[in-house]
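K.L.:
PDB, C-alpha atoms, saved as my_file-v5.pdb, coming up:
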```
ATOM      1  CA  THR A1242     315.375  23.192 101.201  1.00  0.00           C
ATOM      2  CA  THR A1243     313.078  20.190 100.708  1.00  0.00           C
ATOM      3  CA  THR A1244     313.794  18.327  97.470  1.00  0.00           C
ATOM      4  CA  PHE A1245     311.228  16.260  95.568  1.00  0.00           C
ATOM      5  CA  PHE A1246     312.037  13.794  92.803  1.00  0.00           C
ATOM      6  CA  ASN A1247     309.773  12.389  90.100  1.00  0.00           C
ATOM      7  CA  LYS A1248     310.375   8.633  90.119  1.00  0.00           C
ATOM      8  CA  ASN A1249     309.320   8.405  86.468  1.00  0.00           C
ATOM      9  CA  ASN A1250     312.078  10.768  85.346  1.00  0.00           C
ATOM     10  CA  SER A1251     315.657  10.063  86.451  1.00  0.00           C
ATOM     11  CA  LYS A1252     316.688  13.569  85.361  1.00  0.00           C
ATOM     12  CA  SER A1253     314.152  15.301  87.537  1.00  0.00           C
ATOM     13  CA  LEU A1254     315.397  18.091  89.797  1.00  0.00           C
ATOM     14  CA  GLY A1255     313.892  19.045  93.126  1.00  0.00           C
ATOM     15  CA  LEU A1256     312.794  22.627  93.402  1.00  0.00           C
ATOM     16  CA  THR A1257     311.057  24.552  96.149  1.00  0.00           C
ATOM     17  CA  LEU A1258     308.887  27.605  95.578  1.00  0.00           C
ATOM     18  CA  ARG A1259     308.504  29.672  98.733  1.00  0.00           C
ATOM     19  CA  ARG A1260     305.913  32.375  98.357  1.00  0.00           C
ATOM     20  CA  GLU A1261     306.964  35.592 100.126  1.00  0.00           C
ATOM     21  CA  HIS A1262     303.683  37.496 100.479  1.00  0.00           C
ATOM     22  CA  ARG A1263     304.788  40.749 102.115  1.00  0.00           C
ATOM     23  CA  ARG A1264     301.297  41.908 103.007  1.00  0.00           C
ATOM     24  CA  ARG A1265     300.007  38.871 104.910  1.00  0.00           C
ATOM     25  CA  ARG A1266     303.146  36.778 105.552  1.00  0.00           C
ATOM     26  CA  GLN A1267     301.079  33.625 105.332  1.00  0.00           C
ATOM     27  CA  ARG A1268     302.777  30.243 105.334  1.00  0.00           C
ATOM     28  CA  GLN A1269     299.934  27.964 104.232  1.00  0.00           C
ATOM     29  CA  ARG A1270     301.514  25.531 101.792  1.00  0.00           C
ATOM     30  CA  GLN A1271     300.432  23.232  98.970  1.00  0.00           C
ATOM     31  CA  THR A1272     302.304  21.445  96.202  1.00  0.00           C
ATOM     32  CA  PHE A1273     301.671  21.186  92.486  1.00  0.00           C
ATOM     33  CA  ASP A1274     303.608  19.642  89.623  1.00  0.00           C
ATOM     34  CA  ILE A1275     305.044  21.205  86.505  1.00  0.00           C
ATOM     35  CA  SER A1276     306.914  19.523  83.688  1.00  0.00           C
ATOM     36  CA  ASN A1277     308.030  20.308  80.173  1.00  0.00           C
ATOM     37  CA  SER A1278     305.240  19.833  77.657  1.00  0.00           C
ATOM     38  CA  ASP A1279     307.390  17.740  75.304  1.00  0.00           C
ATOM     39  CA  ASN A1280     308.636  15.525  78.168  1.00  0.00           C
ATOM     40  CA  THR A1281     312.241  16.070  77.049  1.00  0.00           C
ATOM     41  CA  GLY A1282     313.322  18.112  80.041  1.00  0.00           C
ATOM     42  CA  PRO A1283     313.209  17.590  83.786  1.00  0.00           C
ATOM     43  CA  SER A1284     310.005  17.569  85.790  1.00  0.00           C
ATOM     44  CA  TYR A1285     309.559  19.626  88.931  1.00  0.00           C
ATOM     45  CA  ARG A1286     307.398  19.701  91.991  1.00  0.00           C
ATOM     46  CA  LEU A1287     306.989  23.190  93.385  1.00  0.00           C
ATOM     47  CA  ARG A1288     305.912  23.967  96.903  1.00  0.00           C
ATOM     48  CA  ALA A1289     303.871  27.171  97.018  1.00  0.00           C
ATOM     49  CA  ALA A1290     302.693  29.014 100.114  1.00  0.00           C
ATOM     50  CA  SER A1291     299.305  30.010  98.778  1.00  0.00           C
ATOM     51  CA  THR A1292     295.702  28.937  99.078  1.00  0.00           C
ATOM     52  CA  SER A1293     295.231  28.127  95.374  1.00  0.00           C
ATOM     53  CA  SER A1294     297.566  27.275  92.531  1.00  0.00           C
ATOM     54  CA  SER A1295     296.266  30.236  90.534  1.00  0.00           C
ATOM     55  CA  ASP A1296     297.614  32.565  93.219  1.00  0.00           C
ATOM     56  CA  ALA A1297     301.140  31.370  92.446  1.00  0.00           C
ATOM     57  CA  ARG A1298     301.012  32.042  88.697  1.00  0.00           C
ATOM     58  CA  PRO A1299     303.669  34.606  87.888  1.00  0.00           C
ATOM     59  CA  ASP A1300     303.570  37.501  85.467  1.00  0.00           C
ATOM     60  CA  GLY A1301     307.357  37.661  85.413  1.00  0.00           C
ATOM     61  CA  ILE A1302     309.907  34.881  85.922  1.00  0.00           C
ATOM     62  CA  VAL A1303     313.252  36.489  86.780  1.00  0.00           C
ATOM     63  CA  VAL A1304     316.302  34.290  86.161  1.00  0.00           C
ATOM     64  CA  LEU A1305     319.264  35.623  88.114  1.00  0.00           C
ATOM     65  CA  ALA A1306     322.565  35.843  86.269  1.00  0.00           C
ATOM     66  CA  GLY A1307     325.393  33.547  87.281  1.00  0.00           C
ATOM     67  CA  GLY A1308     328.302  34.397  85.018  1.00  0.00           C
ATOM     68  CA  LEU A1309     329.702  32.813  81.871  1.00  0.00           C
ATOM     69  CA  THR A1310     332.560  30.406  81.295  1.00  0.00           C
ATOM     70  CA  SER A1311     335.792  31.641  79.742  1.00  0.00           C
ATOM     71  CA  GLU A1312     334.460  30.413  76.382  1.00  0.00           C
ATOM     72  CA  GLY A1313     331.259  32.425  76.782  1.00  0.00           C
ATOM     73  CA  SER A1314     328.969  29.486  77.507  1.00  0.00           C
ATOM     74  CA  LEU A1315     326.620  28.943  80.444  1.00  0.00           C
ATOM     75  CA  PRO A1316     327.844  27.256  83.645  1.00  0.00           C
ATOM     76  CA  LYS A1317     325.798  24.321  84.908  1.00  0.00           C
ATOM     77  CA  TRP A1318     324.243  26.281  87.767  1.00  0.00           C
ATOM     78  CA  VAL A1319     322.801  28.820  85.315  1.00  0.00           C
ATOM     79  CA  VAL A1320     321.482  26.078  83.039  1.00  0.00           C
ATOM     80  CA  GLY A1321     319.578  24.667  86.010  1.00  0.00           C
ATOM     81  CA  ARG A1322     317.975  28.054  86.665  1.00  0.00           C
ATOM     82  CA  LEU A1323     316.950  28.394  83.022  1.00  0.00           C
ATOM     83  CA  ASP A1324     315.518  24.870  82.869  1.00  0.00           C
ATOM     84  CA  ALA A1325     313.376  25.678  85.896  1.00  0.00           C
ATOM     85  CA  ALA A1326     312.194  28.872  84.210  1.00  0.00           C
ATOM     86  CA  VAL A1327     311.204  26.930  81.087  1.00  0.00           C
ATOM     87  CA  ALA A1328     309.155  24.478  83.129  1.00  0.00           C
ATOM     88  CA  LEU A1329     307.439  27.223  85.127  1.00  0.00           C
ATOM     89  CA  HIS A1330     306.724  29.217  81.963  1.00  0.00           C
ATOM     90  CA  GLU A1331     305.135  26.177  80.294  1.00  0.00           C
ATOM     91  CA  GLN A1332     302.819  25.903  83.287  1.00  0.00           C
ATOM     92  CA  ASN A1333     302.075  29.635  82.947  1.00  0.00           C
ATOM     93  CA  PRO A1334     302.214  30.431  79.205  1.00  0.00           C
ATOM     94  CA  GLY A1335     301.195  34.064  79.666  1.00  0.00           C
ATOM     95  CA  SER A1336     304.260  34.814  81.757  1.00  0.00           C
ATOM     96  CA  LYS A1337     307.458  36.513  80.628  1.00  0.00           C
ATOM     97  CA  ILE A1338     310.908  35.127  81.356  1.00  0.00           C
ATOM     98  CA  LEU A1339     313.339  37.902  82.250  1.00  0.00           C
ATOM     99  CA  CYS A1340     317.013  37.115  81.692  1.00  0.00           C
ATOM    100  CA  THR A1341     319.198  39.361  83.830  1.00  0.00           C
ATOM    101  CA  GLY A1342     322.831  40.346  83.657  1.00  0.00           C
ATOM    102  CA  GLY A1343     325.192  42.416  81.585  1.00  0.00           C
ATOM    103  CA  GLY A1344     328.322  40.810  82.958  1.00  0.00           C
ATOM    104  CA  THR A1345     330.394  40.525  86.089  1.00  0.00           C
ATOM    105  CA  PRO A1346     332.549  43.335  87.555  1.00  0.00           C
ATOM    106  CA  HIS A1347     335.583  41.194  88.387  1.00  0.00           C
ATOM    107  CA  LYS A1348     336.093  39.578  84.971  1.00  0.00           C
ATOM    108  CA  PRO A1349     336.649  41.051  81.505  1.00  0.00           C
ATOM    109  CA  PRO A1350     333.599  40.815  79.233  1.00  0.00           C
ATOM    110  CA  ILE A1351     333.129  38.098  76.642  1.00  0.00           C
ATOM    111  CA  LEU A1352     333.172  39.706  73.190  1.00  0.00           C
ATOM    112  CA  PHE A1353     331.609  38.782  69.870  1.00  0.00           C
ATOM    113  CA  ASP A1354     333.863  38.665  66.807  1.00  0.00           C
ATOM    114  CA  ASN A1355     332.763  42.229  65.991  1.00  0.00           C
ATOM    115  CA  GLY A1356     334.021  43.429  69.381  1.00  0.00           C
ATOM    116  CA  HIS A1357     330.604  43.958  70.975  1.00  0.00           C
ATOM    117  CA  VAL A1358     329.918  42.601  74.444  1.00  0.00           C
ATOM    118  CA  ASN A1359     328.171  39.236  74.647  1.00  0.00           C
ATOM    119  CA  HIS A1360     325.960  39.913  77.656  1.00  0.00           C
ATOM    120  CA  GLU A1361     325.054  37.147  80.077  1.00  0.00           C
ATOM    121  CA  SER A1362     321.360  37.765  79.512  1.00  0.00           C
ATOM    122  CA  THR A1363     321.806  37.387  75.746  1.00  0.00           C
ATOM    123  CA  VAL A1364     323.419  33.974  76.165  1.00  0.00           C
ATOM    124  CA  CYS A1365     320.600  32.970  78.524  1.00  0.00           C
ATOM    125  CA  ALA A1366     317.933  34.168  76.081  1.00  0.00           C
ATOM    126  CA  LYS A1367     319.540  32.174  73.274  1.00  0.00           C
ATOM    127  CA  TYR A1368     319.425  29.047  75.438  1.00  0.00           C
ATOM    128  CA  LEU A1369     315.732  29.595  76.175  1.00  0.00           C
ATOM    129  CA  ILE A1370     314.951  29.939  72.478  1.00  0.00           C
ATOM    130  CA  GLU A1371     316.849  26.712  71.783  1.00  0.00           C
ATOM    131  CA  ARG A1372     314.663  25.074  74.452  1.00  0.00           C
ATOM    132  CA  GLY A1373     311.575  26.153  72.517  1.00  0.00           C
ATOM    133  CA  VAL A1374     310.533  29.307  74.368  1.00  0.00           C
ATOM    134  CA  SER A1375     309.051  31.917  72.034  1.00  0.00           C
ATOM    135  CA  PRO A1376     311.196  35.054  71.692  1.00  0.00           C
ATOM    136  CA  GLN A1377     308.023  37.038  72.406  1.00  0.00           C
ATOM    137  CA  SER A1378     307.984  35.482  75.884  1.00  0.00           C
ATOM    138  CA  ILE A1379     311.559  36.540  76.684  1.00  0.00           C
ATOM    139  CA  VAL A1380     312.762  39.924  77.915  1.00  0.00           C
ATOM    140  CA  LYS A1381     316.261  40.984  78.961  1.00  0.00           C
ATOM    141  CA  GLU A1382     318.172  43.562  80.925  1.00  0.00           C
ATOM    142  CA  THR A1383     321.867  44.147  80.279  1.00  0.00           C
ATOM    143  CA  SER A1384     322.543  46.825  82.900  1.00  0.00           C
ATOM    144  CA  SER A1385     323.204  44.759  86.029  1.00  0.00           C
ATOM    145  CA  TYR A1386     326.577  43.468  87.148  1.00  0.00           C
ATOM    146  CA  ASP A1387     325.654  41.995  90.534  1.00  0.00           C
ATOM    147  CA  THR A1388     322.698  40.597  92.476  1.00  0.00           C
ATOM    148  CA  ILE A1389     321.520  43.984  93.717  1.00  0.00           C
ATOM    149  CA  GLY A1390     321.567  45.148  90.108  1.00  0.00           C
ATOM    150  CA  ASN A1391     319.550  42.091  89.086  1.00  0.00           C
ATOM    151  CA  ALA A1392     316.875  43.146  91.559  1.00  0.00           C
ATOM    152  CA  TYR A1393     316.945  46.863  90.769  1.00  0.00           C
ATOM    153  CA  PHE A1394     316.902  46.666  86.987  1.00  0.00           C
ATOM    154  CA  SER A1395     314.366  43.828  86.907  1.00  0.00           C
ATOM    155  CA  LEU A1396     312.102  46.135  88.881  1.00  0.00           C
ATOM    156  CA  VAL A1397     312.577  49.476  87.126  1.00  0.00           C
ATOM    157  CA  ILE A1398     312.968  48.222  83.545  1.00  0.00           C
ATOM    158  CA  HIS A1399     310.303  45.521  83.563  1.00  0.00           C
ATOM    159  CA  ALA A1400     308.221  44.806  86.697  1.00  0.00           C
ATOM    160  CA  LEU A1401     307.012  48.365  87.308  1.00  0.00           C
ATOM    161  CA  PRO A1402     306.499  49.498  83.676  1.00  0.00           C
ATOM    162  CA  LEU A1403     304.750  46.224  82.766  1.00  0.00           C
ATOM    163  CA  ARG A1404     302.703  46.308  85.985  1.00  0.00           C
ATOM    164  CA  TRP A1405     303.603  42.800  86.996  1.00  0.00           C
ATOM    165  CA  LYS A1406     301.642  41.659  90.040  1.00  0.00           C
ATOM    166  CA  ARG A1407     303.557  38.465  90.749  1.00  0.00           C
ATOM    167  CA  VAL A1408     307.274  37.913  90.272  1.00  0.00           C
ATOM    168  CA  VAL A1409     309.227  34.698  90.819  1.00  0.00           C
ATOM    169  CA  ALA A1410     312.995  35.069  91.204  1.00  0.00           C
ATOM    170  CA  ILE A1411     314.905  31.896  90.314  1.00  0.00           C
ATOM    171  CA  THR A1412     318.425  31.124  91.445  1.00  0.00           C
ATOM    172  CA  SER A1413     320.578  28.350  92.897  1.00  0.00           C
ATOM    173  CA  GLU A1414     320.288  27.260  96.519  1.00  0.00           C
ATOM    174  CA  PHE A1415     323.765  28.587  97.356  1.00  0.00           C
ATOM    175  CA  HIS A1416     322.817  32.006  95.960  1.00  0.00           C
ATOM    176  CA  MET A1417     319.347  32.231  97.480  1.00  0.00           C
ATOM    177  CA  PRO A1418     320.112  33.981 100.834  1.00  0.00           C
ATOM    178  CA  ARG A1419     321.780  36.975  99.161  1.00  0.00           C
ATOM    179  CA  SER A1420     319.177  37.037  96.402  1.00  0.00           C
ATOM    180  CA  LYS A1421     316.337  37.183  98.904  1.00  0.00           C
ATOM    181  CA  ALA A1422     318.042  39.954 100.833  1.00  0.00           C
ATOM    182  CA  ALA A1423     318.589  42.014  97.675  1.00  0.00           C
ATOM    183  CA  PHE A1424     315.123  41.526  96.155  1.00  0.00           C
ATOM    184  CA  ARG A1425     313.271  42.098  99.435  1.00  0.00           C
ATOM    185  CA  TRP A1426     315.198  45.313  99.967  1.00  0.00           C
ATOM    186  CA  ILE A1427     314.854  46.702  96.439  1.00  0.00           C
ATOM    187  CA  TYR A1428     311.266  45.640  95.802  1.00  0.00           C
ATOM    188  CA  GLY A1429     310.225  46.575  99.326  1.00  0.00           C
ATOM    189  CA  ALA A1430     311.688  50.068  99.031  1.00  0.00           C
ATOM    190  CA  ALA A1431     309.986  50.784  95.706  1.00  0.00           C
ATOM    191  CA  ASP A1432     306.755  48.968  96.534  1.00  0.00           C
ATOM    192  CA  PRO A1433     306.096  49.481 100.267  1.00  0.00           C
ATOM    193  CA  ARG A1434     302.396  48.614  99.900  1.00  0.00           C
ATOM    194  CA  GLY A1435     303.229  45.175  98.543  1.00  0.00           C
ATOM    195  CA  ASN A1436     301.465  45.531  95.205  1.00  0.00           C
ATOM    196  CA  ILE A1437     303.960  43.097  93.702  1.00  0.00           C
ATOM    197  CA  ASP A1438     303.940  39.613  95.219  1.00  0.00           C
ATOM    198  CA  LEU A1439     307.542  38.439  95.347  1.00  0.00           C
ATOM    199  CA  ASP A1440     308.223  34.704  95.269  1.00  0.00           C
ATOM    200  CA  PHE A1441     311.467  32.725  95.240  1.00  0.00           C
ATOM    201  CA  LEU A1442     312.299  29.450  93.522  1.00  0.00           C
ATOM    202  CA  SER A1443     315.588  27.715  94.346  1.00  0.00           C
ATOM    203  CA  VAL A1444     317.185  25.068  92.168  1.00  0.00           C
ATOM    204  CA  PRO A1445     319.686  22.457  93.387  1.00  0.00           C
ATOM    205  CA  ASP A1446     323.348  23.425  93.192  1.00  0.00           C
ATOM    206  CA  GLN A1447     324.979  22.092  90.030  1.00  0.00           C
ATOM    207  CA  GLY A1448     328.511  22.383  88.726  1.00  0.00           C
ATOM    208  CA  ILE A1449     329.951  23.210  92.138  1.00  0.00           C
ATOM    209  CA  GLU A1450     330.461  20.797  95.004  1.00  0.00           C
ATOM    210  CA  GLY A1451     332.603  19.777  97.937  1.00  0.00           C
ATOM    211  CA  GLU A1452     334.796  22.381  99.583  1.00  0.00           C
ATOM    212  CA  ALA A1453     334.166  24.898  96.803  1.00  0.00           C
ATOM    213  CA  LEU A1454     330.429  24.703  97.448  1.00  0.00           C
ATOM    214  CA  ARG A1455     330.834  24.971 101.217  1.00  0.00           C
ATOM    215  CA  ALA A1456     333.055  28.031 100.836  1.00  0.00           C
ATOM    216  CA  ARG A1457     330.592  29.629  98.419  1.00  0.00           C
ATOM    217  CA  ILE A1458     327.666  29.043 100.770  1.00  0.00           C
ATOM    218  CA  GLU A1459     329.608  30.625 103.632  1.00  0.00           C
ATOM    219  CA  ARG A1460     330.452  33.699 101.546  1.00  0.00           C
ATOM    220  CA  GLU A1461     326.874  34.040 100.371  1.00  0.00           C
ATOM    221  CA  LEU A1462     325.516  33.896 103.927  1.00  0.00           C
ATOM    222  CA  GLU A1463     328.007  36.534 105.063  1.00  0.00           C
ATOM    223  CA  SER A1464     327.107  38.753 102.121  1.00  0.00           C
ATOM    224  CA  ALA A1465     323.396  38.341 102.783  1.00  0.00           C
ATOM    225  CA  ALA A1466     323.813  39.304 106.440  1.00  0.00           C
ATOM    226  CA  ALA A1467     325.902  42.352 105.529  1.00  0.00           C
ATOM    227  CA  LEU A1468     323.379  43.430 102.902  1.00  0.00           C
ATOM    228  CA  GLU A1469     320.465  43.141 105.310  1.00  0.00           C
ATOM    229  CA  GLU A1470     322.361  45.160 107.924  1.00  0.00           C
ATOM    230  CA  ASN A1471     323.390  47.858 105.439  1.00  0.00           C
ATOM    231  CA  ALA A1472     319.845  48.124 104.095  1.00  0.00           C
ATOM    232  CA  LYS A1473     318.642  49.151 107.544  1.00  0.00           C
ATOM    233  CA  THR A1474     320.806  52.269 107.434  1.00  0.00           C
ATOM    234  CA  LEU A1475     319.836  53.444 103.958  1.00  0.00           C
TER     235      LEU A1475
END
```
Here is a file; write its structure as structure tokens.
P.N.:
Amino acid sequence: TTTFFNKNNSKSLGLTLRREHRRRRQRQRQTFDISNSDNTGPSYRLRAASTSSSDARPDGIVVLAGGLTSEGSLPKWVVGRLDAAVALHEQNPGSKILCTGGGTPHKPPILFDNGHVNHESTVCAKYLIERGVSPQSIVKETSSYDTIGNAYFSLVIHALPLRWKRVVAITSEFHMPRSKAAFRWIYGAADPRGNIDLDFLSVPDQGIEGEALRARIERELESAAALEENAKTL
């Protein structure tokens, strides 16, 4: 993934937006800049495969879940995804940010003091509100426990009922291959005519590096290949 940095902001993160237009499969690219309106957060340069910047304006910005720490806080890689969503939403104030995730199947849930589950999407939504996003611009789903679930429930609970025409799915670079495979399969099966334009925005990997990152990338690529192969038989 090509990374761009804003020289005027040492905290800037490089992000790439690759437009996946299922009907035309065009690859004509342009770039445009987005940054936080209060200049307190990172600035981004997005690369969009479209003929005009208006074509890339999303109705729904889907932030893929990435787990919680043992204390119930957000890991760095999820914070990066949410920061990107904030910046993209500020560029497109009519959009909705969808926080996904009820939890993870291989870890016990994080509980509030009253014993209720503290869903991943709830923690993400709280972070967005702290960053200044209006609660009216945030929606959640608490039913998914994996990437396929992120795709399915984002579609059936929000994208289809709200008649979103353009959706941007945001996740980390290491998670992008499996995310693309899942979203293309789920959205493609439910929307074979391509009425929903599905885009992907990857953020740089944060909070994981070295051998751990290399191992994670390898697992993600294997999972993506297996998912694509299994989808052909369903």
K.L.:
Using all atoms listed in the file, which of A:Val1358, A:Ala1410, A:Leu1339, A:Val1397 sits nearest Gln1377 (chain A)?
P.N.:
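Between A:Val1358, A:Ala1410, A:Leu1339, A:Val1397, the residue approaching Gln1377 (chain A) most closely is A:Leu1339.
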K.L.:
Would you translate the PyMOL selection byres ((chain A and resi 1449-1453) around 12) into the concrete set of residues it matches in this file, as a VMD selection string?
P.N.:
chain A and resid 1316 to 1319 1413 to 1416 1445 to 1448 1454 to 1460
K.L.:
The PyMOL selection byres ((chain A and resi 1322) around 8) - which residues does that actually catch in the file I just gave you? List them as a CSV table (one decimal) with C-alpha atoms, in the coordinates of the input.
P.N.:
```
chain,number,residue,atom,x,y,z
A,1304,VAL,CA,316.3,34.3,86.2
A,1305,LEU,CA,319.3,35.6,88.1
A,1318,TRP,CA,324.2,26.3,87.8
A,1319,VAL,CA,322.8,28.8,85.3
A,1320,VAL,CA,321.5,26.1,83.0
A,1321,GLY,CA,319.6,24.7,86.0
A,1323,LEU,CA,317.0,28.4,83.0
A,1324,ASP,CA,315.5,24.9,82.9
A,1325,ALA,CA,313.4,25.7,85.9
A,1326,ALA,CA,312.2,28.9,84.2
A,1411,ILE,CA,314.9,31.9,90.3
A,1412,THR,CA,318.4,31.1,91.4
A,1413,SER,CA,320.6,28.4,92.9
A,1444,VAL,CA,317.2,25.1,92.2
```
K.L.:
Interatomic distance between CA of Lys1337 (chain A) and CA of Pro1299 (chain A)?
P.N.:
8.4 Å
K.L.:
Tell me, in Å to one decimal, how far CA of Ile1427 (chain A) is from CA of Gly1342 (chain A).
P.N.:
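According to the coordinates, CA of Ile1427 (chain A) and CA of Gly1342 (chain A) are separated by 16.4 Å.
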K.L.:
Can you list, as a PyMOL selection string, every protein, DNA or RNA residue that comes within 9 Å of Ser1384 (chain A) when you count all atoms listed in the file, leaving out same-chain residues fewer than 6 positions away?
P.N.:
chain A and resi 1341-1344+1390-1391+1394
K.L.:
Mind giving me the straight-line distance from CA of Ala1430 (chain A) to CA of Thr1388 (chain A) in Å, one decimal?
P.N.:
15.9 Å
K.L.:
Give the answer as one residue: which of A:Thr1310, A:Arg1407, A:Val1303, A:Pro1433 has the shortest atom-to-atom distance to Ser1395 (chain A), using all atoms listed in the file?
P.N.:
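Going through A:Thr1310, A:Arg1407, A:Val1303, A:Pro1433 one by one, the smallest distance to Ser1395 (chain A) is for A:Val1303.
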K.L.:
Using only C-alpha atoms, pick whichever of A:Ile1351, A:Ile1370, A:Ile1437, A:Val1364 has the shortest atom-to-atom distance to Glu1382 (chain A).
P.N.:
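Among the listed residues, the smallest separation from Glu1382 (chain A) belongs to A:Val1364.
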K.L.:
Have a look at A:Thr1363, A:Tyr1393, A:Gly1335, A:Ser1443 and name the one nearest to Gly1429 (chain A); count all atoms listed in the file.
P.N.:
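Smallest distance to Gly1429 (chain A) is found for A:Tyr1393.
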K.L.:
Smallest atom-to-atom distance to Ile1398 (chain A): which of A:Leu1439, A:Cys1340, A:Met1417, A:Leu1369, using all atoms listed in the file?
P.N.:
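With all atoms listed in the file as the atom set, the closest residue is A:Cys1340.
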K.L.:
What does the PyMOL selection byres ((chain A and resi 1471-1473) around 12) select in this file, as a list in words?
P.N.:
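Here the PyMOL selection byres ((chain A and resi 1471-1473) around 12) matches Ile1389, Ala1422, Ala1423, Phe1424, Arg1425, Trp1426, Ile1427, Gly1429, Ala1430, Ser1464, Ala1465, Ala1466, Ala1467, Leu1468, Glu1469, Glu1470, Thr1474 and Leu1475 of chain A.
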